file my_file.cif (mmCIF, C-alpha atoms)
data_final
#
loop_
_atom_site.label_atom_id
_atom_site.label_comp_id
_atom_site.auth_asym_id
_atom_site.auth_seq_id
_atom_site.Cartn_x
_atom_site.Cartn_y
_atom_site.Cartn_z
CA GLN A 1 -32.25 -14.30 -10.62
CA GLY A 2 -29.46 -15.90 -8.57
CA LEU A 3 -26.88 -14.40 -10.93
CA VAL A 4 -28.33 -10.91 -10.53
CA GLU A 5 -28.24 -11.26 -6.75
CA GLN A 6 -24.64 -12.43 -6.94
CA GLU A 7 -23.67 -9.47 -9.16
CA ASP A 8 -25.48 -7.11 -6.79
CA ASP A 9 -23.72 -8.72 -3.86
CA GLU A 10 -20.30 -8.28 -5.51
CA ALA A 11 -21.17 -4.72 -6.53
CA ASN A 12 -21.83 -3.89 -2.87
CA ALA A 13 -18.80 -5.72 -1.52
CA ALA A 14 -16.22 -3.79 0.45
CA ALA A 15 -12.56 -4.50 1.08
CA ALA A 16 -11.02 -3.35 4.35
CA TYR A 17 -7.36 -2.49 3.79
CA LEU A 18 -5.16 -2.17 6.88
CA ARG A 19 -1.46 -1.33 6.90
CA VAL A 20 1.25 -0.51 9.38
CA SER A 21 4.81 0.40 8.45
CA SER A 22 6.71 -1.93 10.77
CA HIS A 23 6.50 -5.26 12.57
CA GLU A 24 7.07 -3.33 15.79
CA GLN A 25 3.80 -1.44 15.19
CA LYS A 26 2.04 -4.71 14.51
CA GLN A 27 3.43 -6.24 17.72
CA LYS A 28 2.24 -3.21 19.69
CA GLY A 29 -1.29 -3.91 18.43
CA ASP A 30 -1.59 -0.97 16.04
CA LEU A 31 -2.79 -3.20 13.20
CA GLU A 32 -5.45 -4.89 15.35
CA ARG A 33 -6.74 -1.54 16.66
CA GLN A 34 -6.87 -0.20 13.11
CA LYS A 35 -8.76 -3.29 12.02
CA GLY A 36 -11.28 -2.87 14.84
CA ARG A 37 -11.94 0.78 13.94
CA VAL A 38 -12.31 0.07 10.21
CA LEU A 39 -14.60 -2.92 10.71
CA GLN A 40 -16.71 -0.99 13.24
CA HIS A 41 -17.11 1.78 10.65
CA CYS A 42 -18.18 -0.79 8.04
CA VAL A 43 -20.75 -2.28 10.42
CA GLU A 44 -22.14 1.21 11.19
CA LYS A 45 -22.43 1.96 7.47
CA GLY A 46 -23.98 -1.42 6.70
CA TYR A 47 -21.21 -2.52 4.33
CA ARG A 48 -20.69 -6.16 3.49
CA VAL A 49 -16.97 -6.71 4.04
CA ALA A 50 -15.90 -9.35 1.54
CA HIS A 51 -12.16 -8.99 2.07
CA ILE A 52 -9.94 -7.96 4.98
CA LEU A 53 -6.40 -7.29 3.85
CA GLU A 54 -3.73 -6.69 6.51
CA GLU A 55 -0.23 -5.67 5.56
CA VAL A 56 3.06 -4.62 7.09
CA GLY A 57 5.14 -2.43 4.82
CA SER A 58 5.97 1.07 3.69
CA GLY A 59 3.23 3.15 2.14
CA MET A 60 5.75 4.10 -0.53
CA ASN A 61 6.17 0.51 -1.69
CA ASP A 62 3.88 -0.13 -4.65
CA THR A 63 4.69 -3.84 -4.83
CA ARG A 64 2.86 -4.77 -1.61
CA ALA A 65 1.12 -8.12 -2.10
CA LYS A 66 -2.17 -7.12 -0.46
CA LEU A 67 -2.27 -3.81 -2.35
CA ASN A 68 -1.87 -5.75 -5.58
CA ARG A 69 -4.78 -7.99 -4.50
CA LEU A 70 -6.89 -4.82 -4.15
CA PHE A 71 -6.00 -3.92 -7.74
CA LYS A 72 -7.04 -7.40 -8.87
CA PHE A 73 -10.33 -7.23 -6.95
CA ALA A 74 -11.09 -3.92 -8.68
CA ILE A 75 -10.16 -5.18 -12.13
CA ASP A 76 -12.28 -8.30 -11.62
CA ARG A 77 -15.19 -6.16 -10.30
CA GLN A 78 -15.25 -8.08 -7.02
CA ILE A 79 -15.54 -4.95 -4.87
CA SER A 80 -17.20 -1.56 -5.06
CA ARG A 81 -15.49 0.06 -2.08
CA ILE A 82 -12.16 0.11 -0.26
CA VAL A 83 -12.27 1.26 3.34
CA VAL A 84 -9.10 2.47 5.06
CA GLU A 85 -8.54 4.28 8.32
CA HIS A 86 -6.50 7.09 6.74
CA LYS A 87 -5.68 7.91 3.13
CA ASP A 88 -2.01 7.28 3.86
CA ARG A 89 -2.72 3.65 4.80
CA LEU A 90 -3.27 2.97 1.10
CA THR A 91 -0.34 5.03 -0.17
CA ARG A 92 1.99 7.77 1.02
CA PHE A 93 2.28 9.51 -2.34
CA ASN A 94 0.16 9.97 -5.45
CA PHE A 95 -3.15 9.14 -3.77
CA GLY A 96 -4.92 10.79 -6.71
CA VAL A 97 -3.49 8.22 -9.12
CA PHE A 98 -4.87 5.40 -6.97
CA GLU A 99 -8.22 7.17 -6.77
CA VAL A 100 -8.45 7.55 -10.57
CA PHE A 101 -7.51 3.89 -11.11
CA PHE A 102 -10.05 2.55 -8.64
CA LYS A 103 -12.82 4.90 -9.83
CA SER A 104 -12.21 3.73 -13.39
CA HIS A 105 -13.15 0.26 -12.16
CA GLY A 106 -16.19 1.43 -10.22
CA VAL A 107 -14.48 1.31 -6.82
CA GLU A 108 -14.70 4.13 -4.28
CA ILE A 109 -12.00 4.68 -1.67
CA GLU A 110 -13.35 5.69 1.71
CA TRP A 111 -11.25 6.73 4.68
CA ILE A 112 -12.74 7.08 8.13
CA GLU A 113 -10.29 9.49 9.75
CA ASN A 114 -8.94 12.79 8.50
CA VAL A 115 -6.98 13.36 11.69
CA LEU A 116 -3.61 11.70 11.47
CA PRO A 117 -2.34 9.57 14.34
CA LYS A 118 0.34 11.00 16.63
CA SER A 119 2.94 8.69 15.12
CA TYR A 120 2.34 10.14 11.65
CA GLU A 121 5.39 12.40 11.82
CA ALA A 122 7.56 9.48 12.90
CA GLU A 123 6.25 7.33 10.04
CA LEU A 124 6.83 10.16 7.59
CA VAL A 125 10.44 10.48 8.74
CA GLU A 126 10.85 6.69 8.33
CA ASP A 127 9.44 6.94 4.80
CA MET A 128 11.80 9.80 3.94
CA ILE A 129 14.78 7.83 5.26
CA SER A 130 13.61 4.78 3.33
CA LEU A 131 13.34 6.86 0.16
CA MET A 132 16.81 8.33 0.65
CA SER A 133 18.25 4.87 1.38
CA SER A 134 16.69 3.50 -1.77
CA PHE A 135 18.22 6.24 -3.93
CA SER A 136 21.57 5.94 -2.14
CA ALA A 137 21.61 2.18 -2.72
CA ARG A 138 20.99 2.74 -6.43
CA ILE A 139 23.80 5.28 -6.66
CA TYR A 140 26.27 3.12 -4.71
CA GLY A 141 25.22 0.02 -6.62
CA ARG A 142 25.83 1.73 -9.94
CA ARG A 143 29.17 3.11 -8.73
CA SER A 144 30.23 -0.36 -7.54
CA ALA A 145 29.22 -1.94 -10.86
CA ASP A 146 31.15 0.76 -12.76
CA ASN A 147 34.25 0.17 -10.61
CA GLN A 148 34.05 -3.62 -11.15
CA ARG A 149 33.66 -3.10 -14.89
CA LYS A 150 36.71 -0.78 -14.94
CA LYS A 151 38.78 -3.35 -13.01
CA LYS A 152 37.83 -6.08 -15.50
CA GLU A 153 38.69 -3.80 -18.41
CA ALA A 154 42.03 -2.92 -16.79
CA LYS A 155 42.85 -6.60 -16.25
CA GLY A 156 41.81 -7.44 -19.77
CA GLY A 157 43.92 -4.58 -21.16
CA SER A 158 47.05 -5.56 -19.21
CA GLN A 159 46.69 -9.22 -20.20
CA ALA A 160 46.17 -8.31 -23.85
CA GLY A 161 49.56 -6.54 -23.93
CA VAL A 162 51.40 -9.58 -22.51
#
call {"tool": "encode", "arguments": {"input": "my_file.cif", "output": "structure tokens"}}
result
Amino acid sequence: QGLVEQEDDEANAAAAYLRVSSHEQKQKGDLERQKGRVLQHCVEKGYRVAHILEEVGSGMNDTRAKLNRLFKFAIDRQISRIVVEHKDRLTRFNFGVFEVFFKSHGVEIEWIENVLPKSYEAELVEDMISLMSSFSARIYGRRSADNQRKKKEAKGGSQAGV
């Protein structure tokens, strides 16, 4: 019977996922306030919070360490629910893909606020700039690599004729 209780306990376990985009937001207490609101919601709903995952990083970054832990918890059937303050705390884009993945592992995503915080527009602009910077870096990196390759080829060609 102990095993059944443990499985039941894991099946009812929730993970609170909290994210801010910058260390400045964390220093201003945004992460702590978010944590307080999410945990209060969990208490009101009677959820057993098994994991509290706090992260600083862009919602566009899919290699966030704590986000990857959420994936692992779902795959290992350690949680049945993820609670976030807003949908965009989990991801900025392709929320539906995340929802399908987690549902396929028996995990529901629950967000407590549909109203976006006042700083949402500012965060969205930051994300857009980050996205543009990422693409620009790829373009400039490729251009630089091409130029270096051409220089090597030119040196090799001039030395071969000597």
call {"tool": "closest_residue", "arguments": {"input": "my_file.cif", "among": "A:Cys42, A:Ala74, A:Val100, A:Val84", "to": "Glu113 (chain A)", "atoms": "all atoms listed in the file"}}
result
A:Val84
call {"tool": "resolve_selection", "arguments": {"input": "my_file.cif", "expression": "the PyMOL selection byres ((chain A and resi 13-27) around 9)", "output": "ChimeraX atom specification"}}
result
/A:8-12,28-32,34-35,38-39,42,47-59,66-67,70,73,78-85,89-90,123,126-127
call {"tool": "residues_around", "arguments": {"input": "my_file.cif", "residues": "Glu99 (chain A)", "least_positions_apart": "2", "cutoff": "12 Å", "atoms": "all atoms listed in the file", "output": "list in words"}}
result
Phe71, Ala74, Arg81, Ile82, Lys87, Leu90, Thr91, Phe93, Asn94, Phe95, Gly96, Val97, Phe101, Phe102, Lys103, Ser104, His105, Gly106, Val107, Glu108, Ile109, Glu110 and Trp111 of chain A
call {"tool": "closest_residue", "arguments": {"input": "my_file.cif", "among": "A:Asp62, A:Glu121, A:Glu153, A:Glu44", "to": "Phe98 (chain A)", "atoms": "all atoms listed in the file"}}
result
A:Asp62
call {"tool": "atom_distance", "arguments": {"input": "my_file.cif", "atom1": "CA of Gln148 (chain A)", "atom2": "CA of Phe135 (chain A)"}}
result
20.0 Å
call {"tool": "atom_distance", "arguments": {"input": "my_file.cif", "atom1": "CA of Lys45 (chain A)", "atom2": "CA of Arg69 (chain A)"}}
result
23.5 Å
call {"tool": "atom_distance", "arguments": {"input": "my_file.cif", "atom1": "CA of Leu124 (chain A)", "atom2": "CA of Asp88 (chain A)"}}
result
10.0 Å
call {"tool": "decode", "arguments": {"input": "my_file.cif", "residues": "region 55-71 of chain A", "atoms": "all heavy atoms", "output": "compact mmCIF listing (two decimals), in the first residue's frame"}}
result
# COMPACT_ATOMS: atom_id res chain seq x y z
N GLU A 55 13.99 30.88 -12.12
CA GLU A 55 14.94 31.05 -13.21
C GLU A 55 14.99 32.49 -13.69
O GLU A 55 13.99 33.19 -13.69
CB GLU A 55 14.50 30.13 -14.37
CG GLU A 55 15.54 29.88 -15.39
CD GLU A 55 15.42 28.49 -15.98
OE1 GLU A 55 14.34 28.09 -16.42
OE2 GLU A 55 16.45 27.80 -15.98
N VAL A 56 16.18 32.89 -14.10
CA VAL A 56 16.37 34.19 -14.74
C VAL A 56 16.82 33.90 -16.17
O VAL A 56 17.83 33.23 -16.38
CB VAL A 56 17.45 35.03 -14.01
CG1 VAL A 56 17.69 36.34 -14.76
CG2 VAL A 56 17.06 35.29 -12.56
N GLY A 57 16.05 34.37 -17.13
CA GLY A 57 16.42 34.13 -18.52
C GLY A 57 15.28 34.47 -19.45
O GLY A 57 14.12 34.62 -19.02
N SER A 58 15.58 34.55 -20.70
CA SER A 58 14.58 34.89 -21.72
C SER A 58 13.59 33.75 -21.90
O SER A 58 13.96 32.57 -21.92
CB SER A 58 15.29 35.16 -23.05
OG SER A 58 14.32 35.29 -24.07
N GLY A 59 12.34 34.11 -22.08
CA GLY A 59 11.30 33.14 -22.36
C GLY A 59 11.43 32.53 -23.75
O GLY A 59 10.72 31.59 -24.08
N MET A 60 12.33 33.06 -24.55
CA MET A 60 12.58 32.51 -25.88
C MET A 60 13.66 31.43 -25.84
O MET A 60 13.79 30.66 -26.78
CB MET A 60 13.02 33.61 -26.84
CG MET A 60 11.95 34.62 -27.10
SD MET A 60 12.39 35.79 -28.39
CE MET A 60 14.07 36.19 -28.05
N ASN A 61 14.41 31.39 -24.78
CA ASN A 61 15.52 30.44 -24.66
C ASN A 61 14.97 29.08 -24.24
O ASN A 61 14.42 28.94 -23.15
CB ASN A 61 16.53 30.96 -23.63
CG ASN A 61 17.71 30.05 -23.45
OD1 ASN A 61 17.75 28.94 -23.99
ND2 ASN A 61 18.67 30.50 -22.68
N ASP A 62 15.12 28.09 -25.09
CA ASP A 62 14.60 26.76 -24.75
C ASP A 62 15.65 25.86 -24.10
O ASP A 62 15.41 24.68 -23.89
CB ASP A 62 14.00 26.08 -25.99
CG ASP A 62 15.01 25.87 -27.10
OD1 ASP A 62 16.18 26.29 -26.95
OD2 ASP A 62 14.64 25.29 -28.14
N THR A 63 16.80 26.42 -23.76
CA THR A 63 17.83 25.62 -23.09
C THR A 63 17.97 26.02 -21.61
O THR A 63 18.99 25.74 -21.00
CB THR A 63 19.20 25.77 -23.80
OG1 THR A 63 19.58 27.15 -23.77
CG2 THR A 63 19.13 25.28 -25.24
N ARG A 64 16.94 26.65 -21.06
CA ARG A 64 16.97 27.02 -19.65
C ARG A 64 17.05 25.77 -18.78
O ARG A 64 16.29 24.82 -18.99
CB ARG A 64 15.72 27.83 -19.29
CG ARG A 64 15.71 29.22 -19.88
CD ARG A 64 14.39 29.92 -19.63
NE ARG A 64 13.48 29.59 -20.73
CZ ARG A 64 12.18 29.45 -20.61
NH1 ARG A 64 11.58 29.59 -19.46
NH2 ARG A 64 11.45 29.16 -21.66
N ALA A 65 17.95 25.77 -17.83
CA ALA A 65 18.19 24.59 -16.98
C ALA A 65 16.94 24.16 -16.22
O ALA A 65 16.61 22.97 -16.17
CB ALA A 65 19.34 24.87 -16.01
N LYS A 66 16.25 25.12 -15.62
CA LYS A 66 15.07 24.76 -14.81
C LYS A 66 13.91 24.30 -15.71
O LYS A 66 13.14 23.42 -15.33
CB LYS A 66 14.63 25.93 -13.93
CG LYS A 66 15.73 26.46 -13.01
CD LYS A 66 16.09 25.48 -11.93
CE LYS A 66 17.26 25.91 -11.08
NZ LYS A 66 17.05 26.96 -10.16
N LEU A 67 13.79 24.87 -16.89
CA LEU A 67 12.78 24.41 -17.84
C LEU A 67 13.05 22.96 -18.22
O LEU A 67 12.15 22.13 -18.26
CB LEU A 67 12.78 25.29 -19.09
CG LEU A 67 11.83 24.86 -20.21
CD1 LEU A 67 10.38 24.94 -19.76
CD2 LEU A 67 12.05 25.73 -21.44
N ASN A 68 14.31 22.65 -18.45
CA ASN A 68 14.68 21.27 -18.79
C ASN A 68 14.41 20.32 -17.63
O ASN A 68 14.06 19.16 -17.86
CB ASN A 68 16.13 21.20 -19.26
CG ASN A 68 16.27 21.77 -20.67
OD1 ASN A 68 15.38 21.59 -21.51
ND2 ASN A 68 17.35 22.47 -20.94
N ARG A 69 14.54 20.81 -16.39
CA ARG A 69 14.17 19.97 -15.24
C ARG A 69 12.68 19.68 -15.24
O ARG A 69 12.26 18.57 -14.91
CB ARG A 69 14.58 20.64 -13.93
CG ARG A 69 16.09 20.51 -13.70
CD ARG A 69 16.56 21.05 -12.39
NE ARG A 69 15.97 20.36 -11.26
CZ ARG A 69 16.00 20.82 -10.01
NH1 ARG A 69 16.59 21.96 -9.75
NH2 ARG A 69 15.45 20.15 -9.04
N LEU A 70 11.86 20.68 -15.64
CA LEU A 70 10.41 20.44 -15.76
C LEU A 70 10.13 19.32 -16.75
O LEU A 70 9.29 18.45 -16.50
CB LEU A 70 9.70 21.71 -16.23
CG LEU A 70 9.29 22.74 -15.20
CD1 LEU A 70 8.58 23.91 -15.88
CD2 LEU A 70 8.42 22.15 -14.12
N PHE A 71 10.83 19.36 -17.90
CA PHE A 71 10.65 18.30 -18.89
C PHE A 71 10.98 16.94 -18.28
O PHE A 71 10.24 15.97 -18.46
CB PHE A 71 11.55 18.52 -20.12
CG PHE A 71 11.18 19.70 -20.97
CD1 PHE A 71 12.16 20.48 -21.56
CD2 PHE A 71 9.85 20.05 -21.20
CE1 PHE A 71 11.83 21.56 -22.36
CE2 PHE A 71 9.52 21.13 -22.00
CZ PHE A 71 10.51 21.89 -22.58
